[in-house]
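Novice: Sharing final-v1.txt, compact mmCIF, C-alpha atoms and all ligand atoms:
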```txt
# COMPACT_ATOMS: atom_id res chain seq x y z
CA MET A 1 -111.82 -11.48 26.49
CA SER A 2 -111.00 -10.68 22.91
CA THR A 3 -113.73 -9.56 20.57
CA GLN A 4 -111.53 -10.57 17.62
CA LYS A 5 -112.84 -13.27 15.35
CA LEU A 6 -110.90 -16.36 16.39
CA PRO A 7 -109.34 -18.80 13.92
CA GLN A 8 -111.04 -22.16 13.55
CA GLY A 9 -110.70 -24.41 16.56
CA VAL A 10 -109.95 -21.67 19.12
CA LEU A 11 -112.35 -21.54 22.04
CA PRO A 12 -113.61 -18.03 22.84
CA ASP A 13 -112.47 -18.17 26.47
CA THR A 14 -108.80 -18.85 25.76
CA ILE A 15 -105.81 -16.55 25.49
CA SER A 16 -104.08 -17.72 22.36
CA LEU A 17 -100.44 -16.76 22.11
CA VAL A 18 -100.16 -19.45 19.41
CA PHE A 19 -101.13 -17.74 16.21
CA GLY A 20 -98.74 -15.72 14.06
CA HIS A 21 -101.74 -13.99 12.51
CA PRO A 22 -102.26 -10.28 12.00
CA ASP A 23 -104.46 -8.56 14.54
CA ALA A 24 -108.01 -8.87 13.14
CA THR A 25 -108.79 -5.23 13.99
CA THR A 26 -106.06 -4.10 11.58
CA LEU A 27 -107.42 -5.94 8.53
CA PRO A 28 -108.23 -3.18 6.01
CA VAL A 29 -111.81 -4.20 5.23
CA ASP A 30 -113.06 -0.80 4.02
CA GLU A 31 -110.06 -0.06 1.82
CA LEU A 32 -110.27 -3.52 0.23
CA ARG A 33 -114.01 -3.05 -0.36
CA VAL A 34 -113.31 0.22 -2.19
CA ALA A 35 -110.50 -1.38 -4.22
CA THR A 36 -112.75 -4.34 -5.13
CA GLU A 37 -115.57 -2.02 -6.25
CA THR A 38 -113.11 0.03 -8.29
CA VAL A 39 -111.82 -3.08 -10.08
CA LEU A 40 -115.31 -4.42 -10.75
CA GLY A 41 -116.55 -1.02 -11.93
CA SER A 42 -113.65 -0.48 -14.32
CA PRO A 43 -113.16 -1.60 -17.93
CA GLN A 44 -110.59 -4.05 -16.44
CA ALA A 45 -113.29 -6.05 -14.62
CA CYS A 46 -113.49 -8.83 -17.19
CA THR A 47 -109.69 -9.04 -17.49
CA ALA A 48 -109.49 -9.38 -13.71
CA LEU A 49 -112.02 -12.20 -13.73
CA GLN A 50 -110.36 -14.16 -16.54
CA TYR A 51 -107.32 -16.45 -16.28
CA GLY A 52 -104.44 -14.06 -15.79
CA SER A 53 -100.93 -13.56 -17.04
CA VAL A 54 -98.74 -16.48 -15.98
CA GLN A 55 -96.22 -14.21 -14.23
CA GLY A 56 -98.96 -12.36 -12.36
CA SER A 57 -100.88 -9.11 -12.65
CA PRO A 58 -98.51 -6.67 -14.43
CA ALA A 59 -99.79 -3.76 -12.32
CA LEU A 60 -98.99 -5.61 -9.11
CA ILE A 61 -95.57 -6.69 -10.40
CA ASP A 62 -94.84 -3.04 -11.25
CA TYR A 63 -95.91 -1.91 -7.79
CA VAL A 64 -93.80 -4.47 -5.88
CA VAL A 65 -90.74 -3.90 -8.12
CA ASP A 66 -90.99 -0.12 -7.61
CA LYS A 67 -91.48 -0.49 -3.86
CA LEU A 68 -88.43 -2.73 -3.45
CA ASN A 69 -86.27 -0.56 -5.72
CA ARG A 70 -87.34 2.58 -3.87
CA GLU A 71 -86.82 1.14 -0.38
CA GLU A 72 -83.74 -0.99 -0.99
CA SER A 73 -82.21 0.23 -4.28
CA LEU A 74 -82.30 -3.30 -5.67
CA GLY A 75 -82.31 -2.46 -9.37
CA LEU A 76 -85.05 -5.02 -10.10
CA THR A 77 -86.91 -5.19 -13.38
CA GLN A 78 -90.29 -6.82 -14.02
CA ASP A 79 -88.39 -9.93 -15.20
CA ASN A 80 -87.11 -10.50 -11.65
CA LEU A 81 -90.49 -11.04 -10.05
CA LEU A 82 -93.20 -13.67 -10.07
CA ILE A 83 -96.51 -13.24 -8.23
CA VAL A 84 -97.37 -16.35 -6.20
CA ALA A 85 -100.33 -17.57 -4.14
CA GLY A 86 -98.71 -16.69 -0.81
CA SER A 87 -95.05 -17.16 -0.02
CA THR A 88 -95.73 -20.81 0.85
CA HIS A 89 -96.51 -21.40 -2.82
CA ALA A 90 -93.07 -20.03 -3.75
CA LEU A 91 -91.37 -22.21 -1.14
CA ASP A 92 -93.15 -25.27 -2.50
CA MET A 93 -91.93 -24.50 -6.02
CA ILE A 94 -88.39 -23.91 -4.77
CA ALA A 95 -88.36 -27.14 -2.76
CA ARG A 96 -89.69 -29.08 -5.75
CA GLN A 97 -87.04 -27.68 -8.04
CA HIS A 98 -83.97 -27.80 -5.79
CA ALA A 99 -84.54 -30.20 -2.94
CA ARG A 100 -86.82 -33.06 -3.83
CA CYS A 101 -85.90 -36.70 -3.24
CA GLY A 102 -83.11 -36.26 -0.76
CA GLY A 103 -81.66 -32.87 -1.73
CA THR A 104 -79.61 -31.47 1.16
CA VAL A 105 -81.25 -28.42 2.73
CA LEU A 106 -79.90 -26.40 5.65
CA VAL A 107 -82.51 -24.88 7.93
CA GLU A 108 -82.24 -22.73 11.03
CA ALA A 109 -82.79 -24.41 14.39
CA PRO A 110 -85.43 -23.34 15.22
CA THR A 111 -87.25 -22.47 11.99
CA TYR A 112 -90.79 -21.90 10.69
CA HIS A 113 -92.60 -25.21 11.25
CA ASP A 114 -94.69 -25.06 8.07
CA ALA A 115 -91.56 -24.57 5.97
CA LEU A 116 -90.28 -27.84 7.46
CA ARG A 117 -93.54 -29.42 6.36
CA VAL A 118 -93.08 -28.16 2.79
CA PHE A 119 -89.51 -29.48 2.59
CA ARG A 120 -90.62 -32.81 4.06
CA ASP A 121 -93.36 -33.06 1.41
CA HIS A 122 -90.54 -33.17 -1.12
CA ASP A 123 -88.41 -35.61 0.91
CA ALA A 124 -85.60 -33.10 1.37
CA ASP A 125 -82.71 -34.14 3.60
CA LEU A 126 -82.90 -31.47 6.33
CA HIS A 127 -79.94 -30.30 8.41
CA PRO A 128 -80.50 -27.90 11.31
CA MET A 129 -78.09 -24.99 11.91
CA ALA A 130 -77.78 -23.38 15.31
CA ILE A 131 -78.78 -19.74 15.79
CA ASP A 132 -78.28 -17.27 18.61
CA GLU A 133 -79.58 -13.74 19.24
CA ASN A 134 -77.76 -12.56 16.09
CA GLY A 135 -79.09 -15.31 13.85
CA ILE A 136 -77.19 -18.19 12.22
CA ILE A 137 -73.91 -18.94 14.03
CA VAL A 138 -71.58 -18.66 11.07
CA ASP A 139 -68.62 -20.57 12.53
CA GLU A 140 -70.84 -23.56 13.25
CA LEU A 141 -72.35 -23.31 9.78
CA GLY A 142 -68.84 -23.47 8.29
CA VAL A 143 -67.99 -26.57 10.33
CA GLN A 144 -71.25 -28.21 9.39
CA LEU A 145 -70.79 -27.51 5.69
CA ALA A 146 -67.32 -29.03 5.74
CA ALA A 147 -68.68 -32.11 7.53
CA LEU A 148 -71.51 -32.51 5.01
CA VAL A 149 -69.11 -32.30 2.10
CA HIS A 150 -66.87 -34.82 3.85
CA GLU A 151 -69.87 -37.20 4.00
CA GLY A 152 -70.30 -36.77 0.24
CA LYS A 153 -73.33 -34.49 0.53
CA SER A 154 -73.67 -31.35 -1.48
CA PRO A 155 -75.90 -28.72 0.18
CA ARG A 156 -78.31 -27.24 -2.35
CA LEU A 157 -80.31 -24.75 -0.30
CA LEU A 158 -80.05 -22.77 2.88
CA TYR A 159 -83.52 -21.70 3.99
CA THR A 160 -83.42 -18.68 6.29
CA ILE A 161 -85.87 -16.19 7.77
CA PRO A 162 -83.24 -13.51 8.33
CA THR A 163 -85.37 -10.69 9.68
CA PHE A 164 -87.55 -10.94 12.81
CA GLN A 165 -87.44 -14.69 12.48
CA ASN A 166 -90.32 -17.03 13.05
CA PRO A 167 -90.22 -18.40 15.74
CA SER A 168 -87.34 -16.68 17.57
CA GLY A 169 -87.84 -13.02 16.58
CA VAL A 170 -84.08 -12.62 15.97
CA THR A 171 -82.45 -10.86 13.00
CA ILE A 172 -79.20 -11.89 11.31
CA THR A 173 -76.62 -9.09 11.52
CA GLN A 174 -75.16 -7.64 8.33
CA SER A 175 -71.69 -9.03 9.01
CA ARG A 176 -73.09 -12.54 9.48
CA ARG A 177 -75.13 -12.15 6.28
CA GLU A 178 -71.92 -11.29 4.41
CA LYS A 179 -70.14 -14.34 5.82
CA ILE A 180 -73.06 -16.61 4.91
CA ILE A 181 -72.89 -15.26 1.35
CA GLU A 182 -69.17 -16.10 1.24
CA LEU A 183 -69.99 -19.64 2.37
CA SER A 184 -72.76 -19.95 -0.24
CA ARG A 185 -70.22 -19.06 -2.94
CA GLU A 186 -67.61 -21.42 -1.54
CA TYR A 187 -70.00 -24.37 -1.22
CA GLY A 188 -72.32 -23.54 -4.13
CA PHE A 189 -75.67 -23.49 -2.34
CA VAL A 190 -78.60 -21.17 -3.00
CA ILE A 191 -79.87 -18.94 -0.17
CA VAL A 192 -83.66 -18.98 0.14
CA GLU A 193 -84.49 -15.75 1.92
CA ASP A 194 -87.97 -15.79 3.45
CA ASP A 195 -88.40 -12.13 4.36
CA VAL A 196 -92.11 -11.89 5.10
CA TYR A 197 -91.61 -9.84 8.31
CA ARG A 198 -89.12 -7.35 6.86
CA ASP A 199 -91.58 -4.45 6.64
CA LEU A 200 -92.61 -4.83 10.28
CA ALA A 201 -89.59 -3.17 11.95
CA PHE A 202 -90.51 -1.28 15.11
CA GLU A 203 -87.73 1.26 14.75
CA GLY A 204 -84.34 1.77 13.15
CA ASP A 205 -82.85 0.22 10.07
CA VAL A 206 -83.12 -3.40 9.04
CA PRO A 207 -79.90 -4.99 7.68
CA PRO A 208 -79.76 -5.23 3.88
CA SER A 209 -81.34 -8.37 2.48
CA PHE A 210 -79.27 -11.27 1.16
CA TYR A 211 -80.73 -10.40 -2.23
CA GLY A 212 -79.50 -6.82 -1.95
CA LEU A 213 -76.06 -7.82 -0.67
CA THR A 214 -75.47 -10.26 -3.55
CA GLY A 215 -77.20 -8.34 -6.33
CA GLY A 216 -79.44 -11.37 -6.68
CA ASP A 217 -76.66 -13.80 -7.36
CA THR A 218 -77.62 -17.24 -5.90
CA VAL A 219 -80.48 -15.86 -3.78
CA LEU A 220 -84.18 -16.62 -4.07
CA ARG A 221 -86.17 -14.15 -2.01
CA ILE A 222 -89.79 -14.59 -1.04
CA GLY A 223 -92.20 -11.97 0.25
CA SER A 224 -95.87 -11.82 1.11
CA PHE A 225 -98.90 -9.62 1.61
CA SER A 226 -100.05 -11.97 4.41
CA LYS A 227 -98.40 -10.19 7.33
CA ILE A 228 -98.64 -6.65 5.98
CA VAL A 229 -102.21 -6.73 4.63
CA ALA A 230 -104.13 -10.01 5.08
CA PRO A 231 -103.27 -13.72 4.85
CA GLY A 232 -106.63 -14.53 3.23
CA LEU A 233 -105.51 -12.74 0.07
CA ARG A 234 -103.07 -15.60 -0.61
CA LEU A 235 -100.66 -13.37 -2.46
CA GLY A 236 -96.91 -13.09 -2.32
CA TRP A 237 -93.92 -12.82 -4.63
CA LEU A 238 -90.70 -14.54 -5.58
CA ILE A 239 -87.67 -12.49 -6.61
CA ALA A 240 -84.87 -14.14 -8.53
CA ALA A 241 -82.64 -13.75 -11.56
CA PRO A 242 -84.71 -13.53 -14.79
CA GLU A 243 -83.53 -16.96 -15.99
CA GLN A 244 -84.68 -18.51 -12.69
CA ILE A 245 -88.06 -16.76 -12.95
CA LYS A 246 -88.42 -18.18 -16.48
CA GLN A 247 -87.93 -21.68 -15.07
CA TYR A 248 -90.61 -21.13 -12.43
CA LEU A 249 -92.98 -19.86 -15.10
CA GLU A 250 -92.82 -23.35 -16.59
CA CYS A 251 -94.17 -24.83 -13.35
CA GLY A 252 -97.43 -26.72 -13.93
CA THR A 253 -99.56 -25.05 -11.26
CA ILE A 254 -98.60 -21.56 -12.46
CA GLN A 255 -99.17 -22.41 -16.14
CA MET A 256 -102.41 -24.25 -15.59
CA GLY A 257 -103.91 -21.69 -13.23
CA GLY A 258 -103.19 -18.63 -15.40
CA GLY A 259 -101.07 -16.90 -12.75
CA ALA A 260 -101.67 -16.70 -9.00
CA ASN A 261 -105.10 -15.42 -7.90
CA PRO A 262 -105.54 -12.88 -10.73
CA PHE A 263 -108.71 -11.26 -9.35
CA VAL A 264 -107.22 -10.69 -5.89
CA ALA A 265 -104.00 -9.49 -7.51
CA HIS A 266 -105.95 -6.83 -9.42
CA ILE A 267 -107.59 -5.73 -6.18
CA MET A 268 -104.24 -5.55 -4.40
CA ALA A 269 -102.74 -3.57 -7.27
CA GLU A 270 -105.60 -1.06 -6.94
CA TYR A 271 -105.27 -0.99 -3.14
CA CYS A 272 -101.54 -0.28 -3.42
CA ARG A 273 -101.96 2.20 -6.32
CA SER A 274 -104.28 4.27 -4.11
CA GLY A 275 -101.48 4.71 -1.57
CA ASN A 276 -103.03 2.46 1.11
CA LEU A 277 -100.14 0.10 1.73
CA GLU A 278 -97.60 2.60 3.08
CA SER A 279 -99.97 4.11 5.67
CA HIS A 280 -101.23 0.66 6.64
CA VAL A 281 -97.72 -0.67 7.25
CA THR A 282 -96.86 2.42 9.31
CA ARG A 283 -99.87 1.71 11.50
CA LEU A 284 -99.02 -2.00 11.82
CA ARG A 285 -95.52 -1.14 13.01
CA GLN A 286 -96.99 0.96 15.81
CA VAL A 287 -99.56 -1.68 16.79
CA TYR A 288 -97.04 -4.54 16.91
CA CYS A 289 -94.35 -2.45 18.59
CA SER A 290 -96.76 -1.59 21.36
CA ARG A 291 -97.92 -5.24 21.69
CA CYS A 292 -94.32 -6.42 21.82
CA ASN A 293 -93.51 -3.88 24.52
CA VAL A 294 -96.49 -5.07 26.54
CA MET A 295 -95.27 -8.66 26.24
CA LEU A 296 -91.67 -7.82 27.16
CA ALA A 297 -92.84 -5.77 30.15
CA ALA A 298 -95.13 -8.60 31.27
CA LEU A 299 -92.30 -11.12 30.98
CA GLU A 300 -90.03 -8.82 32.99
CA ARG A 301 -92.70 -8.32 35.63
CA HIS A 302 -93.97 -11.87 36.04
CA MET A 303 -91.36 -14.46 35.00
CA PRO A 304 -89.28 -16.14 37.70
CA ARG A 305 -85.51 -15.96 37.60
CA GLY A 306 -83.94 -18.50 35.23
CA VAL A 307 -86.44 -17.94 32.42
CA THR A 308 -84.98 -16.05 29.43
CA TRP A 309 -86.44 -14.66 26.22
CA THR A 310 -85.54 -12.83 23.01
CA ARG A 311 -86.17 -9.11 22.45
CA PRO A 312 -87.35 -8.72 18.87
CA ARG A 313 -87.10 -5.40 17.04
CA GLY A 314 -89.94 -6.26 14.69
CA GLY A 315 -92.27 -9.04 13.56
CA PHE A 316 -94.69 -11.12 15.62
CA PHE A 317 -92.80 -13.40 18.03
CA VAL A 318 -90.88 -13.76 21.30
CA TRP A 319 -88.97 -17.02 21.98
CA LEU A 320 -88.82 -18.11 25.58
CA THR A 321 -86.36 -20.54 27.21
CA LEU A 322 -87.27 -22.39 30.40
CA PRO A 323 -84.72 -23.20 33.11
CA ILE A 324 -82.90 -26.54 32.92
CA GLY A 325 -85.06 -29.35 34.29
CA LEU A 326 -88.40 -28.04 32.99
CA HIS A 327 -90.10 -29.46 29.89
CA VAL A 328 -92.40 -27.47 27.65
CA ARG A 329 -94.80 -30.43 27.42
CA SER A 330 -95.71 -30.24 31.09
CA LEU A 331 -96.07 -26.47 30.87
CA GLY A 332 -98.38 -26.86 27.85
CA GLU A 333 -100.65 -29.31 29.64
CA ALA A 334 -100.97 -27.10 32.70
CA SER A 335 -101.41 -23.84 30.80
CA ARG A 336 -104.06 -25.25 28.44
CA SER A 337 -106.11 -26.25 31.47
CA GLN A 338 -105.97 -22.58 32.51
CA GLY A 339 -106.92 -21.33 29.06
CA VAL A 340 -103.50 -20.11 27.87
CA HIS A 341 -102.16 -21.52 24.61
CA PHE A 342 -98.70 -21.17 23.08
CA ALA A 343 -96.63 -22.97 20.45
CA PRO A 344 -94.22 -25.51 22.01
CA GLY A 345 -90.64 -25.15 20.79
CA THR A 346 -90.34 -28.78 19.70
CA GLY A 347 -92.35 -28.20 16.51
CA PHE A 348 -89.79 -25.75 15.14
CA PHE A 349 -86.81 -28.09 14.82
CA ALA A 350 -85.81 -30.33 11.92
CA GLY A 351 -84.12 -32.60 14.47
CA SER A 352 -84.40 -32.72 18.22
CA GLY A 353 -84.60 -29.53 20.27
CA GLY A 354 -87.05 -27.03 21.66
CA GLU A 355 -87.94 -29.07 24.77
CA ARG A 356 -87.34 -26.01 26.93
CA ASN A 357 -88.71 -23.45 24.46
CA LEU A 358 -91.99 -21.82 23.62
CA ARG A 359 -92.99 -19.35 20.95
CA LEU A 360 -95.23 -16.55 22.15
CA ALA A 361 -97.01 -14.57 19.42
CA PHE A 362 -97.91 -11.02 20.41
CA SER A 363 -99.51 -10.11 17.06
CA PHE A 364 -102.93 -11.59 17.50
CA VAL A 365 -104.10 -10.98 21.06
CA PRO A 366 -105.05 -7.67 22.67
CA SER A 367 -102.59 -6.14 25.12
CA ASN A 368 -104.58 -6.83 28.28
CA GLU A 369 -104.76 -10.51 27.39
CA ILE A 370 -101.02 -10.63 26.72
CA ASP A 371 -100.29 -9.48 30.25
CA ARG A 372 -102.78 -11.90 31.78
CA GLY A 373 -101.56 -14.82 29.64
CA VAL A 374 -97.93 -14.20 30.59
CA ARG A 375 -98.89 -13.88 34.27
CA ILE A 376 -100.63 -17.27 34.18
CA LEU A 377 -97.69 -18.90 32.38
CA ALA A 378 -95.24 -17.40 34.88
CA GLN A 379 -97.25 -18.72 37.80
CA ILE A 380 -97.30 -22.25 36.36
CA ILE A 381 -93.55 -22.12 35.65
CA ARG A 382 -92.88 -20.96 39.20
CA GLU A 383 -94.90 -23.88 40.56
CA MET A 384 -92.98 -26.30 38.30
CA MET A 385 -89.57 -25.08 39.46
CA PRO A 386 -87.79 -27.02 42.21
CA GLN A 387 -88.24 -25.21 45.52
CA THR A 388 -85.05 -23.82 47.09
CA ASP A 389 -84.90 -22.90 50.76
C1 LIG B 401 -91.50 -17.18 7.97
C2 LIG B 401 -92.82 -17.35 7.30
N1 LIG B 401 -92.87 -17.58 5.99
C3 LIG B 401 -94.03 -17.72 5.35
C4 LIG B 401 -95.24 -17.66 6.04
C5 LIG B 401 -96.51 -17.88 5.29
O1 LIG B 401 -96.72 -16.87 4.39
P1 LIG B 401 -97.89 -16.90 3.30
O2 LIG B 401 -99.16 -16.64 4.02
O3 LIG B 401 -97.51 -15.81 2.37
O4 LIG B 401 -97.88 -18.24 2.63
C6 LIG B 401 -95.24 -17.44 7.41
C7 LIG B 401 -96.51 -17.39 8.15
O5 LIG B 401 -96.56 -17.58 9.33
C8 LIG B 401 -94.00 -17.27 8.05
O6 LIG B 401 -93.93 -17.04 9.37
```
Have the structure of the file written as structure tokens, please.
Specialist:
Amino acid sequence: MSTQKLPQGVLPDTISLVFGHPDATTLPVDELRVATETVLGSPQACTALQYGSVQGSPALIDYVVDKLNREESLGLTQDNLLIVAGSTHALDMIARQHARCGGTVLVEAPTYHDALRVFRDHDADLHPMAIDENGIIVDELGVQLAALVHEGKSPRLLYTIPTFQNPSGVTITQSRREKIIELSREYGFVIVEDDVYRDLAFEGDVPPSFYGLTGGDTVLRIGSFSKIVAPGLRLGWLIAAPEQIKQYLECGTIQMGGGANPFVAHIMAEYCRSGNLESHVTRLRQVYCSRCNVMLAALERHMPRGVTWTRPRGGFFVWLTLPIGLHVRSLGEASRSQGVHFAPGTGFFAGSGGERNLRLAFSFVPSNEIDRGVRILAQIIREMMPQTD
């Protein structure tokens, strides 16, 4: 069994393929201790412990802007970026500004379940868009947009996780991204690009971001240190046009709190300044690539015919589809009784859907448990399938 520290509520004798958490053994405890001691031992200690700049720690803003410009040639300036308390904080601000009280929001089907929760908090009017192994199906999106406009609705936001999506693991191709941008210009909606898994590519190039393809025009992009360093830091960023950033700076929680988590932001700036982030991300890519390969091999080895799954090239998740006639609810009940947990597909849809789907996270459990968990699931599925002579 895993020696990892389990999240609250997880029994020690279970194999949890539920959590999209980083592997606990990768959390950079020593490096963060050194960075914390450096901050507290420096003349900046009192600045770090005071209310901070509303836009966020300038050193951290500089680091993230330089990183994105270096890696993606985005041409960002400090005015394009706001430090937030995790990307969820940015999504909440975006939903409040653009979608509250019935604003029409397009979301992928499936999409990240907690993003649905944030939009629902603001009473957004959610419309699911179908995806396939190459992301949003653009032709269907076009039809849906025309129908919405026909009904008198004016879509304000399209929320997408374009790279190594949660929960499906799929990535939107560059040509589809370009067509979605054309549609955003035609219909006047803003693309909210949640790219928290972008750095976790196993190999090869990742398609350019929506932000990069548009030059920032009508795109709000959110990023996070949660998946590439540690979720407990509660630090992320929002990238947008300077005038948009100015509007977010007026937001009450940002103003009142003196910027997002200033002390932790100082520590992260020091951690990054010391060159830790690049080597850490390189290691994470190897760890998650190997975990993903173990999961794909286990699925290949154990699953009965008729079960299908995605083959992600980065990120944390595989999305599994059961044969017609099986329901994920029954599988969940049986697998829990055998100690294997997964996220049922139904939670990832704004409308109906997901009854034959499950999300399997390979990020959090050790490789030997992945194989055993998949074997147990496969056995239960086999027993649930109608017998053929
Ligand atoms: C697509 C996506 N966005 C955002 C988050 C949350 O990020 P943060 O911890 O920065 O709020 C997650 C975490 O699972 C996620 O999968």
Novice: Sort by chain and increasing residue number a table of all residues of region 38-130 of chain A within 12 Å of region 348-351 of chain A, each with its closest pair of atoms and their distance in Å to one decimal, counting only C-alpha atoms, and write it as JSON lines.
Specialist:
```
{"residue": "A:Val105", "atom": "CA", "partner": "A:Ala350", "partner_atom": "CA", "distance": 10.4}
{"residue": "A:Leu106", "atom": "CA", "partner": "A:Ala350", "partner_atom": "CA", "distance": 9.5}
{"residue": "A:Val107", "atom": "CA", "partner": "A:Ala350", "partner_atom": "CA", "distance": 7.5}
{"residue": "A:Glu108", "atom": "CA", "partner": "A:Phe349", "partner_atom": "CA", "distance": 8.0}
{"residue": "A:Ala109", "atom": "CA", "partner": "A:Phe349", "partner_atom": "CA", "distance": 5.5}
{"residue": "A:Pro110", "atom": "CA", "partner": "A:Phe349", "partner_atom": "CA", "distance": 5.0}
{"residue": "A:Thr111", "atom": "CA", "partner": "A:Phe348", "partner_atom": "CA", "distance": 5.2}
{"residue": "A:Tyr112", "atom": "CA", "partner": "A:Phe348", "partner_atom": "CA", "distance": 6.0}
{"residue": "A:His113", "atom": "CA", "partner": "A:Phe348", "partner_atom": "CA", "distance": 4.8}
{"residue": "A:Asp114", "atom": "CA", "partner": "A:Phe348", "partner_atom": "CA", "distance": 8.6}
{"residue": "A:Ala115", "atom": "CA", "partner": "A:Phe348", "partner_atom": "CA", "distance": 9.4}
{"residue": "A:Leu116", "atom": "CA", "partner": "A:Ala350", "partner_atom": "CA", "distance": 6.8}
{"residue": "A:Arg117", "atom": "CA", "partner": "A:Ala350", "partner_atom": "CA", "distance": 9.6}
{"residue": "A:Val118", "atom": "CA", "partner": "A:Ala350", "partner_atom": "CA", "distance": 11.9}
{"residue": "A:Phe119", "atom": "CA", "partner": "A:Ala350", "partner_atom": "CA", "distance": 10.1}
{"residue": "A:Arg120", "atom": "CA", "partner": "A:Ala350", "partner_atom": "CA", "distance": 9.5}
{"residue": "A:Ala124", "atom": "CA", "partner": "A:Ala350", "partner_atom": "CA", "distance": 10.9}
{"residue": "A:Asp125", "atom": "CA", "partner": "A:Ala350", "partner_atom": "CA", "distance": 9.7}
{"residue": "A:Leu126", "atom": "CA", "partner": "A:Ala350", "partner_atom": "CA", "distance": 6.4}
{"residue": "A:His127", "atom": "CA", "partner": "A:Ala350", "partner_atom": "CA", "distance": 6.8}
{"residue": "A:Pro128", "atom": "CA", "partner": "A:Ala350", "partner_atom": "CA", "distance": 5.9}
{"residue": "A:Met129", "atom": "CA", "partner": "A:Ala350", "partner_atom": "CA", "distance": 9.4}
{"residue": "A:Ala130", "atom": "CA", "partner": "A:Phe349", "partner_atom": "CA", "distance": 10.2}
```
Novice: So, counting only C-alpha atoms, which residue among A:Thr160, A:Ala343, A:Cys272, A:Ala240 is closest to Ala59 (chain A)?
Specialist: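 Smallest separation from Ala59 (chain A) among the options: A:Cys272.
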Novice: To one decimal place in Å, what is the distance between CA of Ile131 (chain A) and CA of His98 (chain A)?
Specialist: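 Taking CA of Ile131 (chain A) and CA of His98 (chain A), their separation equals 23.6 Å.
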Novice: Can I get the residues close to ligand LIG 401 (chain B) as number ranges by chain, where close means within 9 Å and we count all atoms listed in the file?
Specialist: A: 19-21, 84-91, 111-115, 160-161, 164-167, 194-197, 222-227, 230-237, 316
Novice: Would you mind exporting the chosen residues as a PDB file, in the frame of the given file, restricted to C-alpha atoms?
Specialist:
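Written output follows (out-v2.pdb):
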```pdb
ATOM      1  CA  PHE A  19    -101.130 -17.740  16.210  1.00  0.00           C
ATOM      2  CA  GLY A  20     -98.740 -15.720  14.060  1.00  0.00           C
ATOM      3  CA  HIS A  21    -101.740 -13.990  12.510  1.00  0.00           C
ATOM      4  CA  VAL A  84     -97.370 -16.350  -6.200  1.00  0.00           C
ATOM      5  CA  ALA A  85    -100.330 -17.570  -4.140  1.00  0.00           C
ATOM      6  CA  GLY A  86     -98.710 -16.690  -0.810  1.00  0.00           C
ATOM      7  CA  SER A  87     -95.050 -17.160  -0.020  1.00  0.00           C
ATOM      8  CA  THR A  88     -95.730 -20.810   0.850  1.00  0.00           C
ATOM      9  CA  HIS A  89     -96.510 -21.400  -2.820  1.00  0.00           C
ATOM     10  CA  ALA A  90     -93.070 -20.030  -3.750  1.00  0.00           C
ATOM     11  CA  LEU A  91     -91.370 -22.210  -1.140  1.00  0.00           C
ATOM     12  CA  THR A 111     -87.250 -22.470  11.990  1.00  0.00           C
ATOM     13  CA  TYR A 112     -90.790 -21.900  10.690  1.00  0.00           C
ATOM     14  CA  HIS A 113     -92.600 -25.210  11.250  1.00  0.00           C
ATOM     15  CA  ASP A 114     -94.690 -25.060   8.070  1.00  0.00           C
ATOM     16  CA  ALA A 115     -91.560 -24.570   5.970  1.00  0.00           C
ATOM     17  CA  THR A 160     -83.420 -18.680   6.290  1.00  0.00           C
ATOM     18  CA  ILE A 161     -85.870 -16.190   7.770  1.00  0.00           C
ATOM     19  CA  PHE A 164     -87.550 -10.940  12.810  1.00  0.00           C
ATOM     20  CA  GLN A 165     -87.440 -14.690  12.480  1.00  0.00           C
ATOM     21  CA  ASN A 166     -90.320 -17.030  13.050  1.00  0.00           C
ATOM     22  CA  PRO A 167     -90.220 -18.400  15.740  1.00  0.00           C
ATOM     23  CA  ASP A 194     -87.970 -15.790   3.450  1.00  0.00           C
ATOM     24  CA  ASP A 195     -88.400 -12.130   4.360  1.00  0.00           C
ATOM     25  CA  VAL A 196     -92.110 -11.890   5.100  1.00  0.00           C
ATOM     26  CA  TYR A 197     -91.610  -9.840   8.310  1.00  0.00           C
ATOM     27  CA  ILE A 222     -89.790 -14.590  -1.040  1.00  0.00           C
ATOM     28  CA  GLY A 223     -92.200 -11.970   0.250  1.00  0.00           C
ATOM     29  CA  SER A 224     -95.870 -11.820   1.110  1.00  0.00           C
ATOM     30  CA  PHE A 225     -98.900  -9.620   1.610  1.00  0.00           C
ATOM     31  CA  SER A 226    -100.050 -11.970   4.410  1.00  0.00           C
ATOM     32  CA  LYS A 227     -98.400 -10.190   7.330  1.00  0.00           C
ATOM     33  CA  ALA A 230    -104.130 -10.010   5.080  1.00  0.00           C
ATOM     34  CA  PRO A 231    -103.270 -13.720   4.850  1.00  0.00           C
ATOM     35  CA  GLY A 232    -106.630 -14.530   3.230  1.00  0.00           C
ATOM     36  CA  LEU A 233    -105.510 -12.740   0.070  1.00  0.00           C
ATOM     37  CA  ARG A 234    -103.070 -15.600  -0.610  1.00  0.00           C
ATOM     38  CA  LEU A 235    -100.660 -13.370  -2.460  1.00  0.00           C
ATOM     39  CA  GLY A 236     -96.910 -13.090  -2.320  1.00  0.00           C
ATOM     40  CA  TRP A 237     -93.920 -12.820  -4.630  1.00  0.00           C
ATOM     41  CA  PHE A 316     -94.690 -11.120  15.620  1.00  0.00           C
TER      42      PHE A 316
END
```
Novice: Determine the nearest neighbour of Ser335 (chain A) from the options A:Ala361, A:Ile15, A:Val229, A:Leu49, counting all atoms listed in the file.
Specialist: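 Among the listed residues, the smallest separation from Ser335 (chain A) belongs to A:Ile15.
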